[in-house]
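S.K.: Contents of upload_34.cif (mmCIF, C-alpha atoms and all ligand atoms):
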```cif
data_target
loop_
_atom_site.group_PDB
_atom_site.id
_atom_site.type_symbol
_atom_site.label_atom_id
_atom_site.label_comp_id
_atom_site.auth_asym_id
_atom_site.auth_seq_id
_atom_site.Cartn_x
_atom_site.Cartn_y
_atom_site.Cartn_z
ATOM 1 C CA MET D 1129 49.478 -57.467 12.179
ATOM 2 C CA ALA D 1130 47.928 -57.673 8.716
ATOM 3 C CA PHE D 1131 48.899 -60.621 6.542
ATOM 4 C CA PHE D 1132 50.019 -58.418 3.676
ATOM 5 C CA GLU D 1133 50.318 -54.636 3.721
ATOM 6 C CA ALA D 1134 51.462 -51.868 1.459
ATOM 7 C CA HIS D 1135 52.201 -48.444 2.863
ATOM 8 C CA ASN D 1136 52.454 -45.222 0.883
ATOM 9 C CA LEU D 1137 53.572 -46.746 -2.399
ATOM 10 C CA HIS D 1138 54.771 -44.332 -5.023
ATOM 11 C CA LYS D 1139 55.620 -45.223 -8.585
ATOM 12 C CA ARG D 1140 56.346 -42.937 -11.477
ATOM 13 C CA PHE D 1141 57.320 -43.591 -15.068
ATOM 14 C CA GLY D 1142 59.311 -40.593 -16.261
ATOM 15 C CA SER D 1143 57.266 -37.577 -15.259
ATOM 16 C CA ARG D 1144 54.026 -39.607 -15.016
ATOM 17 C CA VAL D 1145 53.071 -40.397 -11.432
ATOM 18 C CA VAL D 1146 51.109 -43.654 -11.591
ATOM 19 C CA LEU D 1147 50.876 -44.561 -7.900
ATOM 20 C CA GLU D 1148 50.753 -41.905 -5.240
ATOM 21 C CA ASN D 1149 50.589 -42.904 -1.613
ATOM 22 C CA VAL D 1150 48.819 -46.217 -2.153
ATOM 23 C CA SER D 1151 48.230 -48.163 1.047
ATOM 24 C CA LEU D 1152 46.469 -51.528 1.192
ATOM 25 C CA SER D 1153 45.902 -54.086 3.891
ATOM 26 C CA ILE D 1154 45.088 -57.690 2.978
ATOM 27 C CA ARG D 1155 43.656 -60.052 5.555
ATOM 28 C CA GLU D 1156 44.515 -63.732 5.492
ATOM 29 C CA GLY D 1157 41.773 -66.008 4.167
ATOM 30 C CA GLN D 1158 39.865 -63.180 2.505
ATOM 31 C CA VAL D 1159 39.173 -62.223 -1.074
ATOM 32 C CA SER D 1160 40.221 -58.619 -1.595
ATOM 33 C CA GLY D 1161 39.279 -56.676 -4.690
ATOM 34 C CA ILE D 1162 40.823 -53.739 -6.457
ATOM 35 C CA MET D 1163 38.628 -51.746 -8.798
ATOM 36 C CA GLY D 1164 38.847 -48.457 -10.608
ATOM 37 C CA PRO D 1165 38.651 -46.906 -14.054
ATOM 38 C CA ASN D 1166 40.981 -47.738 -16.956
ATOM 39 C CA GLY D 1167 44.435 -46.351 -16.460
ATOM 40 C CA ALA D 1168 43.884 -45.791 -12.731
ATOM 41 C CA GLY D 1169 47.061 -47.656 -11.803
ATOM 42 C CA LYS D 1170 45.647 -51.031 -10.757
ATOM 43 C CA THR D 1171 47.951 -53.226 -12.832
ATOM 44 C CA THR D 1172 50.950 -51.106 -11.923
ATOM 45 C CA CYS D 1173 49.982 -51.609 -8.293
ATOM 46 C CA PHE D 1174 49.959 -55.402 -8.849
ATOM 47 C CA HIS D 1175 53.321 -55.187 -10.615
ATOM 48 C CA VAL D 1176 54.772 -53.305 -7.649
ATOM 49 C CA LEU D 1177 53.239 -55.647 -5.060
ATOM 50 C CA THR D 1178 54.569 -58.740 -6.842
ATOM 51 C CA GLY D 1179 58.037 -57.387 -7.557
ATOM 52 C CA LEU D 1180 57.797 -56.726 -11.296
ATOM 53 C CA HIS D 1181 58.307 -53.027 -10.625
ATOM 54 C CA ARG D 1182 60.297 -51.594 -7.759
ATOM 55 C CA PRO D 1183 58.390 -48.880 -5.902
ATOM 56 C CA ASP D 1184 60.064 -45.457 -5.838
ATOM 57 C CA ARG D 1185 58.933 -45.102 -2.257
ATOM 58 C CA GLY D 1186 56.852 -47.029 0.219
ATOM 59 C CA GLU D 1187 56.867 -50.306 2.048
ATOM 60 C CA ILE D 1188 55.420 -53.741 1.320
ATOM 61 C CA LEU D 1189 55.164 -56.199 4.188
ATOM 62 C CA LEU D 1190 54.307 -59.892 4.146
ATOM 63 C CA GLU D 1191 53.565 -60.925 7.727
ATOM 64 C CA GLY D 1192 55.609 -57.979 8.885
ATOM 65 C CA ARG D 1193 58.605 -58.778 6.681
ATOM 66 C CA SER D 1194 59.644 -56.163 4.161
ATOM 67 C CA ILE D 1195 59.542 -57.445 0.579
ATOM 68 C CA ALA D 1196 59.678 -54.164 -1.340
ATOM 69 C CA GLY D 1197 62.420 -54.313 -3.945
ATOM 70 C CA LEU D 1198 62.787 -58.115 -3.911
ATOM 71 C CA ALA D 1199 62.876 -59.827 -7.302
ATOM 72 C CA PRO D 1200 59.653 -61.510 -8.493
ATOM 73 C CA GLN D 1201 61.207 -64.969 -8.008
ATOM 74 C CA GLN D 1202 62.142 -64.151 -4.422
ATOM 75 C CA ILE D 1203 58.649 -62.874 -3.745
ATOM 76 C CA ALA D 1204 57.199 -66.011 -5.348
ATOM 77 C CA ARG D 1205 59.324 -68.172 -3.058
ATOM 78 C CA LEU D 1206 57.814 -66.366 -0.077
ATOM 79 C CA GLY D 1207 54.382 -67.564 -1.161
ATOM 80 C CA ILE D 1208 52.992 -64.903 -3.476
ATOM 81 C CA SER D 1209 51.871 -65.896 -6.946
ATOM 82 C CA ARG D 1210 49.991 -64.126 -9.699
ATOM 83 C CA SER D 1211 48.199 -64.446 -12.985
ATOM 84 C CA PHE D 1212 48.550 -61.920 -15.789
ATOM 85 C CA GLN D 1213 46.029 -60.108 -17.967
ATOM 86 C CA ILE D 1214 47.477 -61.794 -21.016
ATOM 87 C CA MET D 1215 47.427 -65.562 -20.907
ATOM 88 C CA ASN D 1216 50.813 -67.091 -20.666
ATOM 89 C CA LEU D 1217 50.397 -70.742 -21.611
ATOM 90 C CA PHE D 1218 52.448 -73.191 -23.633
ATOM 91 C CA ASP D 1219 49.947 -73.983 -26.347
ATOM 92 C CA ASP D 1220 51.878 -76.839 -27.915
ATOM 93 C CA SER D 1221 52.041 -78.638 -24.581
ATOM 94 C CA VAL D 1222 49.376 -80.708 -22.933
ATOM 95 C CA VAL D 1223 47.513 -79.172 -20.022
ATOM 96 C CA ILE D 1224 49.440 -81.003 -17.300
ATOM 97 C CA GLU D 1225 52.815 -79.982 -18.759
ATOM 98 C CA ASN D 1226 51.897 -76.339 -18.284
ATOM 99 C CA VAL D 1227 51.477 -76.936 -14.571
ATOM 100 C CA MET D 1228 54.475 -79.283 -14.247
ATOM 101 C CA LEU D 1229 56.767 -76.710 -15.790
ATOM 102 C CA ALA D 1230 55.738 -74.196 -13.135
ATOM 103 C CA LEU D 1231 56.320 -76.535 -10.178
ATOM 104 C CA PRO D 1232 59.282 -75.448 -8.042
ATOM 105 C CA GLU D 1233 60.430 -79.078 -7.831
ATOM 106 C CA PHE D 1234 60.518 -79.299 -11.623
ATOM 107 C CA ARG D 1235 62.905 -76.360 -11.687
ATOM 108 C CA ALA D 1236 64.843 -77.655 -8.704
ATOM 109 C CA ARG D 1237 65.516 -80.933 -10.515
ATOM 110 C CA ARG D 1238 66.681 -78.988 -13.547
ATOM 111 C CA LEU D 1239 64.494 -81.155 -15.731
ATOM 112 C CA ASN D 1240 63.682 -80.202 -19.248
ATOM 113 C CA PHE D 1241 61.155 -81.415 -21.715
ATOM 114 C CA THR D 1242 63.662 -83.286 -23.826
ATOM 115 C CA GLY D 1243 63.594 -86.110 -21.270
ATOM 116 C CA ASN D 1244 60.541 -88.130 -20.299
ATOM 117 C CA VAL D 1245 59.174 -85.865 -17.609
ATOM 118 C CA PHE D 1246 55.991 -87.873 -17.405
ATOM 119 C CA ALA D 1247 58.027 -90.709 -15.858
ATOM 120 C CA GLU D 1248 58.457 -88.406 -12.835
ATOM 121 C CA THR D 1249 55.383 -89.660 -11.051
ATOM 122 C CA GLU D 1250 55.724 -87.313 -8.083
ATOM 123 C CA LEU D 1251 55.584 -84.338 -10.394
ATOM 124 C CA VAL D 1252 52.685 -85.770 -12.349
ATOM 125 C CA ASP D 1253 50.823 -86.336 -9.069
ATOM 126 C CA ALA D 1254 51.564 -82.826 -7.821
ATOM 127 C CA ALA D 1255 50.365 -81.292 -11.089
ATOM 128 C CA THR D 1256 47.265 -83.501 -11.097
ATOM 129 C CA ASP D 1257 46.407 -82.279 -7.611
ATOM 130 C CA ILE D 1258 46.588 -78.684 -8.823
ATOM 131 C CA LEU D 1259 44.524 -79.452 -11.925
ATOM 132 C CA ASP D 1260 41.970 -81.000 -9.609
ATOM 133 C CA GLN D 1261 41.818 -77.763 -7.614
ATOM 134 C CA VAL D 1262 41.038 -75.765 -10.749
ATOM 135 C CA GLY D 1263 38.625 -78.356 -12.157
ATOM 136 C CA LEU D 1264 40.805 -79.533 -15.033
ATOM 137 C CA ALA D 1265 42.026 -82.962 -13.887
ATOM 138 C CA GLU D 1266 40.039 -84.677 -16.634
ATOM 139 C CA ARG D 1267 41.609 -82.454 -19.292
ATOM 140 C CA ALA D 1268 45.183 -83.143 -18.101
ATOM 141 C CA TRP D 1269 46.311 -84.857 -21.295
ATOM 142 C CA ASP D 1270 44.566 -82.573 -23.776
ATOM 143 C CA LYS D 1271 46.529 -79.959 -25.657
ATOM 144 C CA ALA D 1272 46.267 -76.546 -24.026
ATOM 145 C CA THR D 1273 44.887 -75.218 -27.322
ATOM 146 C CA ALA D 1274 41.920 -77.605 -27.045
ATOM 147 C CA LEU D 1275 40.645 -75.816 -23.946
ATOM 148 C CA SER D 1276 37.863 -73.247 -24.031
ATOM 149 C CA TYR D 1277 38.803 -69.703 -23.137
ATOM 150 C CA GLY D 1278 37.318 -70.144 -19.666
ATOM 151 C CA ASP D 1279 39.255 -73.369 -19.095
ATOM 152 C CA ARG D 1280 42.433 -71.659 -20.282
ATOM 153 C CA ARG D 1281 41.857 -69.022 -17.612
ATOM 154 C CA ALA D 1282 41.431 -71.804 -15.030
ATOM 155 C CA LEU D 1283 44.672 -73.399 -16.287
ATOM 156 C CA GLU D 1284 46.447 -70.103 -15.960
ATOM 157 C CA ILE D 1285 45.322 -69.952 -12.343
ATOM 158 C CA GLY D 1286 46.577 -73.537 -11.970
ATOM 159 C CA VAL D 1287 49.972 -72.424 -13.272
ATOM 160 C CA ALA D 1288 49.985 -69.675 -10.629
ATOM 161 C CA LEU D 1289 49.050 -72.239 -7.973
ATOM 162 C CA ALA D 1290 51.964 -74.480 -8.976
ATOM 163 C CA ALA D 1291 54.213 -72.210 -6.915
ATOM 164 C CA ARG D 1292 52.044 -73.226 -3.916
ATOM 165 C CA PRO D 1293 51.292 -69.685 -2.900
ATOM 166 C CA ARG D 1294 49.479 -68.534 0.179
ATOM 167 C CA LEU D 1295 48.592 -65.273 -1.502
ATOM 168 C CA LEU D 1296 47.254 -65.332 -5.045
ATOM 169 C CA PHE D 1297 46.943 -62.203 -7.203
ATOM 170 C CA LEU D 1298 44.535 -62.408 -10.138
ATOM 171 C CA ASP D 1299 44.670 -59.635 -12.729
ATOM 172 C CA GLU D 1300 41.229 -59.200 -14.319
ATOM 173 C CA PRO D 1301 40.357 -62.890 -14.271
ATOM 174 C CA THR D 1302 37.016 -62.414 -16.088
ATOM 175 C CA SER D 1303 38.462 -60.451 -18.980
ATOM 176 C CA GLY D 1304 37.336 -61.949 -22.284
ATOM 177 C CA LEU D 1305 34.994 -64.445 -20.621
ATOM 178 C CA GLY D 1306 31.320 -64.857 -21.503
ATOM 179 C CA ALA D 1307 28.535 -65.169 -18.936
ATOM 180 C CA GLU D 1308 28.807 -68.937 -18.419
ATOM 181 C CA ALA D 1309 32.609 -68.935 -18.161
ATOM 182 C CA THR D 1310 32.351 -66.041 -15.689
ATOM 183 C CA ARG D 1311 29.945 -68.065 -13.541
ATOM 184 C CA ASN D 1312 32.336 -71.043 -13.656
ATOM 185 C CA LEU D 1313 35.196 -68.788 -12.670
ATOM 186 C CA ALA D 1314 33.190 -67.411 -9.730
ATOM 187 C CA ALA D 1315 32.613 -71.005 -8.574
ATOM 188 C CA LEU D 1316 36.355 -71.665 -8.899
ATOM 189 C CA VAL D 1317 37.235 -68.578 -6.840
ATOM 190 C CA ARG D 1318 34.748 -69.721 -4.167
ATOM 191 C CA ARG D 1319 36.536 -73.073 -3.965
ATOM 192 C CA LEU D 1320 40.000 -71.541 -3.968
ATOM 193 C CA ARG D 1321 39.207 -69.020 -1.248
ATOM 194 C CA LYS D 1322 39.038 -71.884 1.240
ATOM 195 C CA ARG D 1323 42.748 -72.523 0.688
ATOM 196 C CA TYR D 1324 44.264 -69.254 -0.491
ATOM 197 C CA THR D 1325 44.169 -65.563 0.280
ATOM 198 C CA ILE D 1326 43.155 -63.888 -2.973
ATOM 199 C CA VAL D 1327 43.576 -60.358 -4.300
ATOM 200 C CA MET D 1328 42.004 -59.532 -7.632
ATOM 201 C CA ILE D 1329 41.725 -56.611 -9.972
ATOM 202 C CA GLU D 1330 38.367 -56.770 -11.625
ATOM 203 C CA HIS D 1331 36.246 -54.678 -13.956
ATOM 204 C CA ASP D 1332 33.192 -56.910 -13.671
ATOM 205 C CA MET D 1333 31.504 -55.260 -10.706
ATOM 206 C CA ARG D 1334 28.885 -57.914 -10.165
ATOM 207 C CA PHE D 1335 31.578 -60.600 -10.041
ATOM 208 C CA LEU D 1336 33.728 -58.541 -7.695
ATOM 209 C CA PHE D 1337 30.950 -57.421 -5.356
ATOM 210 C CA ASP D 1338 29.686 -61.018 -5.135
ATOM 211 C CA LEU D 1339 33.043 -62.508 -4.207
ATOM 212 C CA ALA D 1340 35.139 -59.937 -2.399
ATOM 213 C CA ASP D 1341 35.203 -59.468 1.366
ATOM 214 C CA ARG D 1342 36.786 -56.055 0.965
ATOM 215 C CA ILE D 1343 37.369 -53.796 -2.006
ATOM 216 C CA SER D 1344 39.752 -50.907 -2.590
ATOM 217 C CA VAL D 1345 38.902 -48.334 -5.239
ATOM 218 C CA ILE D 1346 41.924 -46.882 -7.027
ATOM 219 C CA HIS D 1347 41.619 -43.689 -9.024
ATOM 220 C CA TRP D 1348 44.358 -41.318 -10.204
ATOM 221 C CA GLY D 1349 46.896 -43.643 -8.595
ATOM 222 C CA GLN D 1350 45.344 -43.294 -5.151
ATOM 223 C CA VAL D 1351 43.053 -45.422 -3.004
ATOM 224 C CA ILE D 1352 39.958 -43.221 -2.868
ATOM 225 C CA ALA D 1353 37.647 -45.644 -1.055
ATOM 226 C CA GLU D 1354 37.952 -48.934 0.803
ATOM 227 C CA GLY D 1355 35.437 -51.192 2.509
ATOM 228 C CA THR D 1356 33.116 -54.163 2.283
ATOM 229 C CA PRO D 1357 30.922 -54.430 -0.831
ATOM 230 C CA ASP D 1358 27.973 -53.189 1.259
ATOM 231 C CA GLU D 1359 29.912 -50.206 2.530
ATOM 232 C CA LEU D 1360 31.049 -49.355 -0.978
ATOM 233 C CA ARG D 1361 27.599 -49.655 -2.517
ATOM 234 C CA SER D 1362 26.591 -46.677 -0.442
ATOM 235 C CA ASN D 1363 29.855 -44.823 -0.986
ATOM 236 C CA LYS D 1364 29.142 -41.539 -2.709
ATOM 237 C CA TRP D 1365 32.060 -41.737 -5.085
ATOM 238 C CA VAL D 1366 31.340 -45.305 -6.123
ATOM 239 C CA ARG D 1367 27.684 -44.444 -6.777
ATOM 240 C CA ARG D 1368 28.547 -41.297 -8.655
ATOM 241 C CA SER D 1369 31.011 -43.141 -10.872
ATOM 242 C CA ALA D 1370 28.223 -45.593 -11.782
ATOM 243 C CA LEU D 1371 30.392 -48.473 -10.646
ATOM 244 C CA GLY D 1372 28.037 -48.988 -7.704
ATOM 245 C CA GLU D 1373 24.978 -49.045 -9.921
ATOM 246 C CA THR D 1374 26.508 -51.873 -11.909
ATOM 247 C CA ALA D 1375 27.235 -53.691 -8.677
ATOM 248 C CA ASP D 1376 23.608 -53.301 -7.584
ATOM 249 C CA ALA D 1377 22.260 -54.582 -10.872
HETATM 250 N N1 LIG R 1401 55.926 -49.191 -17.965
HETATM 251 C C1 LIG R 1401 55.215 -48.052 -18.095
HETATM 252 N N2 LIG R 1401 55.772 -46.938 -18.592
HETATM 253 C C2 LIG R 1401 55.059 -45.795 -18.699
HETATM 254 N N3 LIG R 1401 53.779 -45.657 -18.343
HETATM 255 C C3 LIG R 1401 53.161 -46.741 -17.837
HETATM 256 C C4 LIG R 1401 53.839 -47.999 -17.683
HETATM 257 N N4 LIG R 1401 52.970 -48.893 -17.145
HETATM 258 C C5 LIG R 1401 51.799 -48.226 -16.989
HETATM 259 N N5 LIG R 1401 51.929 -46.934 -17.389
HETATM 260 C C6 LIG R 1401 50.877 -45.912 -17.353
HETATM 261 O O1 LIG R 1401 50.367 -45.886 -16.043
HETATM 262 C C7 LIG R 1401 48.989 -45.637 -16.061
HETATM 263 C C8 LIG R 1401 48.268 -46.710 -15.239
HETATM 264 O O2 LIG R 1401 48.342 -47.946 -15.949
HETATM 265 P P1 LIG R 1401 47.802 -49.302 -15.334
HETATM 266 O O3 LIG R 1401 47.966 -50.361 -16.387
HETATM 267 O O4 LIG R 1401 48.421 -49.558 -14.027
HETATM 268 O O5 LIG R 1401 46.266 -48.959 -15.134
HETATM 269 P P2 LIG R 1401 45.053 -49.927 -14.845
HETATM 270 O O6 LIG R 1401 44.261 -49.287 -13.756
HETATM 271 O O7 LIG R 1401 45.516 -51.323 -14.608
HETATM 272 O O8 LIG R 1401 44.267 -49.850 -16.212
HETATM 273 P P3 LIG R 1401 43.389 -50.979 -16.971
HETATM 274 O O9 LIG R 1401 42.165 -51.134 -16.151
HETATM 275 O O10 LIG R 1401 43.118 -50.324 -18.288
HETATM 276 O O11 LIG R 1401 44.229 -52.227 -17.070
HETATM 277 C C9 LIG R 1401 48.555 -45.593 -17.512
HETATM 278 O O12 LIG R 1401 48.450 -44.253 -17.916
HETATM 279 C C10 LIG R 1401 49.687 -46.276 -18.216
HETATM 280 O O13 LIG R 1401 49.832 -45.781 -19.517
#
```
As structure tokens - that is how I would like this structure written.
Ligand SMILES: Nc1ncnc2c1ncn2[C@@H]1O[C@H](COP(=O)(O)OP(=O)(O)OP(=O)(O)O)[C@@H](O)[C@H]1O
M.R.:
Amino acid sequence: MAFFEAHNLHKRFGSRVVLENVSLSIREGQVSGIMGPNGAGKTTCFHVLTGLHRPDRGEILLEGRSIAGLAPQQIARLGISRSFQIMNLFDDSVVIENVMLALPEFRARRLNFTGNVFAETELVDAATDILDQVGLAERAWDKATALSYGDRRALEIGVALAARPRLLFLDEPTSGLGAEATRNLAALVRRLRKRYTIVMIEHDMRFLFDLADRISVIHWGQVIAEGTPDELRSNKWVRRSALGETADA
């Protein structure tokens, strides 16, 4: 049984069919990539897999349990977390607050930031542990706005990790990052893959082909190729679309 599977997902907006028969299989402990041209349906696929959109048809299974149609919060509670293309941070807060706010135990205690949340040492410790995982423990008490763009991306991943997922979806994690920040992010993904199963949409082919165990190519709302980076490098369609040439570069 695959860890996470999607079978024959369909999604349309009005008369526009955006996903047509998409099937994916994610293995535990692996980094899986989703690539494809702009507008291919990749983000919509993420939205469907993480509950933001309900599929019109199809099945989504986490360890054999159907999760299609569950609300995003329910899916998150089952251990699936995600980052978004647009950063979603509280800029006026310090770095650690961003993570604390996303901790399930913060919500469970119905705390709010009008009280002294930093007196809650368990929460501070839990958030510090997550910041450590994403390499930001030393920036914990800086304002989120003081972080570089690359560090903000790492913090965003930290916020996603606050839900203590087993499966982490990253939507175009390198977008907007320069070469050095992209290298730092690759190092972060290499560390995280030891603890989490990761699925990422990515346009940066070198980044994706370096890190992913398996890659699915989505085009016209369909999975048109699937395999290891090596298998895909020799895939006719990938080569023809020039995506493979970038990956070889
Ligand atoms: N809520 C929506 N309502 C109507 N159309 C939508 C909606 N969301 C996405 N679409 C359309 O679905 C198509 C696929 O969009 P999607 O964002 O999933 O593609 P993508 O592969 O992630 O593209 P990109 O790489 O540019 O982010 C696009 O034509 C988009 O305009």
S.K.: My list of candidates is D:Ala1168, D:Ala1288, D:Leu1190, D:Ile1326. Which is closest to ligand LIG 1401 (chain R) when distances are computed with only C-alpha atoms and all ligand atoms?
M.R.: D:Ala1168
S.K.: Would you work out the distance separating CA of Phe1174 in chain D from CA of Pro1232 in chain D, expressed in Å to one decimal?
M.R.: 22.1 Å
S.K.: Which neighbours of Ala1272 in chain D fall inside 7 Å, counting all atoms listed in the file, when residues of the same chain fewer than 5 positions from it are skipped, and could you give them as JSON, numbers by chain?
M.R.: {"D": [1219, 1220, 1221, 1222, 1223]}
S.K.: Name the residues in contact with Ile1162 in chain D at a cut-off of 8 Å, using all atoms listed in the file, excluding same-chain residues fewer than 3 positions from it; report them as an MDAnalysis selection string.
M.R.: chainID D and resid 1170 1327:1330 1343:1346
S.K.: Using all atoms listed in the file for the distances, tell me which of D:Tyr1277, D:Phe1212, D:Tyr1324, D:Phe1234 is nearest to ligand LIG 1401 (chain R).
M.R.: D:Phe1212
S.K.: Residues within 7 Å of ligand LIG 1401 (chain R) should be enumerated using all atoms listed in the file and returned as an mmCIF file with C-alpha atoms, in the frame of the given file.
M.R.:
```
data_model
loop_
_atom_site.group_PDB
_atom_site.id
_atom_site.type_symbol
_atom_site.label_atom_id
_atom_site.label_comp_id
_atom_site.auth_asym_id
_atom_site.auth_seq_id
_atom_site.Cartn_x
_atom_site.Cartn_y
_atom_site.Cartn_z
ATOM 1 C CA PHE D 1141 57.320 -43.591 -15.068
ATOM 2 C CA ARG D 1144 54.026 -39.607 -15.016
ATOM 3 C CA VAL D 1146 51.109 -43.654 -11.591
ATOM 4 C CA GLY D 1164 38.847 -48.457 -10.608
ATOM 5 C CA PRO D 1165 38.651 -46.906 -14.054
ATOM 6 C CA ASN D 1166 40.981 -47.738 -16.956
ATOM 7 C CA GLY D 1167 44.435 -46.351 -16.460
ATOM 8 C CA ALA D 1168 43.884 -45.791 -12.731
ATOM 9 C CA GLY D 1169 47.061 -47.656 -11.803
ATOM 10 C CA LYS D 1170 45.647 -51.031 -10.757
ATOM 11 C CA THR D 1171 47.951 -53.226 -12.832
ATOM 12 C CA THR D 1172 50.950 -51.106 -11.923
ATOM 13 C CA CYS D 1173 49.982 -51.609 -8.293
#
```
